[in-house]
4 protein chains.
Amino acid sequence: MSALSPPSTQDSHNKRERRKEARPGELLQAALELFVEKGYAATRAEEVATRAGVSKGTLFLYFSSKEDLFKAVIQSNLSRHLMAWNQEFEGFEGSSADMLAYGLTSWWTQIGSTLAGGITKLVMSEARNFPEIAAFYEREVVKPGQHLIERILQRGIDQGEFRPLDVHHACMSLVCAMMYLMMWKHSLGPCSAANPSFDPETFLLTHLNTLLNGIRQTSPSGTL
Amino acid sequence: MSALSPPSTQDSHNKRERRKEARPGELLQAALELFVEKGYAATRAEEVATRAGVSKGTLFLYFSSKEDLFKAVIQSNLSRHLMAWNQEFEGFEGSSADMLAYGLTSWWTQIGSTLAGGITKLVMSEARNFPEIAAFYEREVVKPGQHLIERILQRGIDQGEFRPLDVHHACMSLVCAMMYLMMWKHSLGPCSAANPSFDPETFLLTHLNTLLNGIRQTSPSGTL
Amino acid sequence: MSALSPPSTQDSHNKRERRKEARPGELLQAALELFVEKGYAATRAEEVATRAGVSKGTLFLYFSSKEDLFKAVIQSNLSRHLMAWNQEFEGFEGSSADMLAYGLTSWWTQIGSTLAGGITKLVMSEARNFPEIAAFYEREVVKPGQHLIERILQRGIDQGEFRPLDVHHACMSLVCAMMYLMMWKHSLGPCSAANPSFDPETFLLTHLNTLLNGIRQTSPSGTL
Amino acid sequence: MSALSPPSTQDSHNKRERRKEARPGELLQAALELFVEKGYAATRAEEVATRAGVSKGTLFLYFSSKEDLFKAVIQSNLSRHLMAWNQEFEGFEGSSADMLAYGLTSWWTQIGSTLAGGITKLVMSEARNFPEIAAFYEREVVKPGQHLIERILQRGIDQGEFRPLDVHHACMSLVCAMMYLMMWKHSLGPCSAANPSFDPETFLLTHLNTLLNGIRQTSPSGTL
DNA sequence: GATGAATGAGTGTTCATTCAT
DNA sequence: AATGAATGAACACTCATTCAT
């Protein structure tokens, strides 16, 4: 697209080339969708290939095994996931409570309610069988996320907005609601004819407000 | 039963009988361990049998299929407890806050901290592939558990202990912490050299107190 | 039953003894019924034992294997079969045509329409896997039966009732209708909602009359 | 097709393609042989594959199950012939007696004397255990065959060649001889050192002539 | 003799992976 | 590079047979 892109290959080859270069990405995308939908074990390699528009054999040209494909799916999506996460929270101005509310909302919009939410469920489900992925996830996603939230909480304490508290515990109290929503959405949720009036975003904000009510320096009157 | 009954006959009868009666329990225990450790799909029926000290064929003498075994594992480890709790709380005296704290503590002691806690993660992981099990779990575990907690919350509201609130949301705020702990403990937990000073039970009670702080009719001095 | 039966065992033991001596017969009867109904391969040894009112282990006390049981079932029933057959036809007076008609009718009544008819189907179905049984059946049932019919046909020729013909071929033309009925009755018949007005005995006599019409020295007017 | 088309491409394409197109036929042939020889239940799927020169997995590439293979064997060996006969007889010129004789002869040549004749015995043997196959066979083979023969008989009656008769019974009288031959040939036949001078085709025509003698409007001089 | 709990070889079927084309 | 026919190891489940009681 840029005029500065390498013009080494002839234009006539571009369509093919672009196709070739896009292959891994198309396979990863197809695999992500299927793994999230059906789980790792229940997804057949051929399904992934078919959805990506190639043959079974081609899949193994790009990934040496189904396990290798799985790792690539998770890691490539976690990185994307991560970048979005980091950009989102930089340079926010306002009260710490507002920061948390904003963070929760945008997390739900950009991750929880999308395919990315399925990755978390996938990682949790397969962590025991793929320790490398578990370690990667913890290092690259869990730890930075916790750190960010704990910093916001600490900021609230330092500025007298929240009463002194164990930021680690408070962070988990906050985060666990998101985790619960994601697991539910990709496991029992689709199987249960549950209360259709339930709205995840409302629940998240209710949860936050109840917690803030419990940790604020002075209890305000309204709670949602 | 009588001390004078011929011991020889008894014993000869017993060795076989005792085996037979113990088998289902031994198989369920082996299945629980392996399912929690490796996941349902990744556990071979023969492994379960071997760990229980019997042959493959014997497993199918007691459980008609691998899925049936899975259901039995859920039922024997979770349904049982829920029924007991329902009865226990029928005659409970004391504040609703105490009831919740007691419930959380005994849940952690009897389920969360044991292998049975892994079942929740197991069910969540496999729900999409086994809708029947998902339905079974929702009917036998989720619904009764929610019902119990919501009744306690409603009691607190009716007695003026809690301010009026959406019991469904509040129940989820409470429950999600337990879910999070269990998911963590059986997925990323074993792979991470996490903070060793973290104590799940303390976290649960902290979480409860923060929430109670947020929903109580009159804010007490401070409970964190 | 006879007063001369060996009185060696005490009367008090009789019930048990009679039971014990009846066991093989009860097992053979149960096996016959099930083999005829479901075929050899599809009948489980345990089913046979259960129907005979004993346990699985007991079956193998009397028959060393399922195959052995099968052979015993066939051979014991063929003998019975055979005795009936022989007694039936001895000393018949009347025209050869009447002999054939009588023979066909009584064959249908006593064999074709009973469990014994199922044995023929069983033998045909399993002959390739049990050559001994096939040989036994041919020697003890097929050959004598053919011989009898061919003698009757020859008698008809000798007495000028039938025109000269190949008795072997004529015998087969006659017999094949019985075979067809038996096979049908125990294979496709039960699976098809076939013409309910079809009556095997009528068919057999029609078949015979048509053949006799073709065989007789002078064609009579009526043909059934 | 063109003599000038590049032979290299053709060949490289063909070796693989020709295999693929030949596979179903090779598998059907192997299955036919083994099923007829040992029975359906006693033949292992792997044996069929091995005899066809492929691995177990390949069998299931072409037939979705063993039962499906069974059905395909029936269809490719019997249904095909019946359809051809139906068409052939549409334009047949000559007496109905000749039609029947011609039909019997070609049936013996194309089916009765070949392995395909074993299918009838196979179906009869397994019908009770595979009702779906029984229904399939009745629909695809029995019904069309009966219909064809009954039409010919009716034609003979309408044209004054045969005396009025019950075409259903007459059809069975005719057909039962073929059935008997096939059952015999694939059950007791191989086990017995039977009369080597016996010729099935001659028997069939003798049988037909005897019946025709019995059903013709005017008895001719003698046909046996 | 009788039992029935236990066994383990055997079967149909699936699916990740290979490799000739 | 791409294909897709072929493979064969793996797995859930069955059932004839054994043997301790």
# chains A, B, ... in the order shown; residues from 1 in each chain; ligands from 1
call {"tool": "interface_residues", "arguments": {"of": "chain A", "to": "chain F", "cutoff": "8 Å", "atoms": "only C-alpha atoms (C1' of nucleotides)", "output": "JSON, numbers by chain"}}
result
{"A": [55, 56, 57, 58]}
call {"tool": "select_by_dssp", "arguments": {"residues": "chain A", "states": "helix (DSSP H, G or I)", "output": "VMD selection string"}}
result
chain A and resid 11 to 38 45 to 51 56 to 62 66 to 89 96 to 112 115 to 129 131 to 158 167 to 186 189 to 191 200 to 215
call {"tool": "interface_residues", "arguments": {"of": "chain E", "to": "chain B", "cutoff": "10 Å", "atoms": "only C-alpha atoms (C1' of nucleotides)", "output": "ChimeraX atom specification"}}
result
/E:5-8
call {"tool": "write_last_selection", "arguments": {"atoms": "N, CA, C and O atoms (P, O5', C5', C4', C3', O3' and C1' of nucleotides)", "output": "PDB file, in the first residue's frame"}}
result
ATOM      1  P    DA E   5     -21.523 -59.373  40.253  1.00  0.00           P
ATOM      2  O5'  DA E   5     -20.009 -58.963  40.527  1.00  0.00           O
ATOM      3  C5'  DA E   5     -19.314 -59.559  41.612  1.00  0.00           C
ATOM      4  C4'  DA E   5     -17.815 -59.591  41.328  1.00  0.00           C
ATOM      5  C3'  DA E   5     -17.260 -58.342  40.652  1.00  0.00           C
ATOM      6  O3'  DA E   5     -15.956 -58.123  41.176  1.00  0.00           O
ATOM      7  C1'  DA E   5     -16.933 -60.223  39.228  1.00  0.00           C
ATOM      8  P    DA E   6     -15.093 -56.899  40.640  1.00  0.00           P
ATOM      9  O5'  DA E   6     -14.208 -57.559  39.499  1.00  0.00           O
ATOM     10  C5'  DA E   6     -13.247 -58.553  39.876  1.00  0.00           C
ATOM     11  C4'  DA E   6     -12.543 -59.065  38.640  1.00  0.00           C
ATOM     12  C3'  DA E   6     -11.999 -57.974  37.706  1.00  0.00           C
ATOM     13  O3'  DA E   6     -10.588 -58.068  37.686  1.00  0.00           O
ATOM     14  C1'  DA E   6     -13.145 -59.698  36.487  1.00  0.00           C
ATOM     15  P    DT E   7      -9.742 -57.114  36.776  1.00  0.00           P
ATOM     16  O5'  DT E   7      -9.579 -57.944  35.428  1.00  0.00           O
ATOM     17  C5'  DT E   7      -9.045 -59.254  35.513  1.00  0.00           C
ATOM     18  C4'  DT E   7      -9.144 -59.943  34.173  1.00  0.00           C
ATOM     19  C3'  DT E   7      -8.470 -59.188  33.025  1.00  0.00           C
ATOM     20  O3'  DT E   7      -7.432 -59.993  32.534  1.00  0.00           O
ATOM     21  C1'  DT E   7     -10.597 -60.018  32.394  1.00  0.00           C
ATOM     22  P    DG E   8      -6.025 -59.419  32.153  1.00  0.00           P
ATOM     23  O5'  DG E   8      -6.132 -59.429  30.574  1.00  0.00           O
ATOM     24  C5'  DG E   8      -6.466 -60.630  29.902  1.00  0.00           C
ATOM     25  C4'  DG E   8      -6.918 -60.307  28.491  1.00  0.00           C
ATOM     26  C3'  DG E   8      -6.184 -59.115  27.840  1.00  0.00           C
ATOM     27  O3'  DG E   8      -6.112 -59.363  26.437  1.00  0.00           O
ATOM     28  C1'  DG E   8      -8.450 -58.664  27.858  1.00  0.00           C
TER      29       DG E   8
END
call {"tool": "interface_residues", "arguments": {"of": "chain D", "to": "chain C", "cutoff": "9 Å", "atoms": "only C-alpha atoms", "output": "VMD selection string"}}
result
chain D and resid 37 to 39 41 to 42 121 to 129 131 to 132 134 to 135 137 to 138 169 to 170 172 to 173 175 to 181 183 to 184 186 to 192 198 203 to 204 206 to 207 209 to 215 219 224
call {"tool": "calpha_fit_rmsd", "arguments": {"fixed": "chain B", "moving": "chain A"}}
result
2.7 Å
call {"tool": "residues_around", "arguments": {"residues": "stretch 97-113 of chain B", "least_positions_apart": "3", "cutoff": "7 Å", "atoms": "only C-alpha atoms (C1' of nucleotides)", "output": "PyMOL selection string"}}
result
chain B and resi 94+116-117+182+201+205
call {"tool": "residues_around", "arguments": {"residues": "C:Tyr62", "least_positions_apart": "2", "cutoff": "12 Å", "atoms": "only C-alpha atoms (C1' of nucleotides)", "output": "ChimeraX atom specification"}}
result
/C:20-28,49,54-60,64-66,68-69,72 /E:1-2
call {"tool": "atom_distance", "arguments": {"atom1": "atom CA of A:Glu47", "atom2": "atom CA of D:Gly53"}}
result
28.6 Å
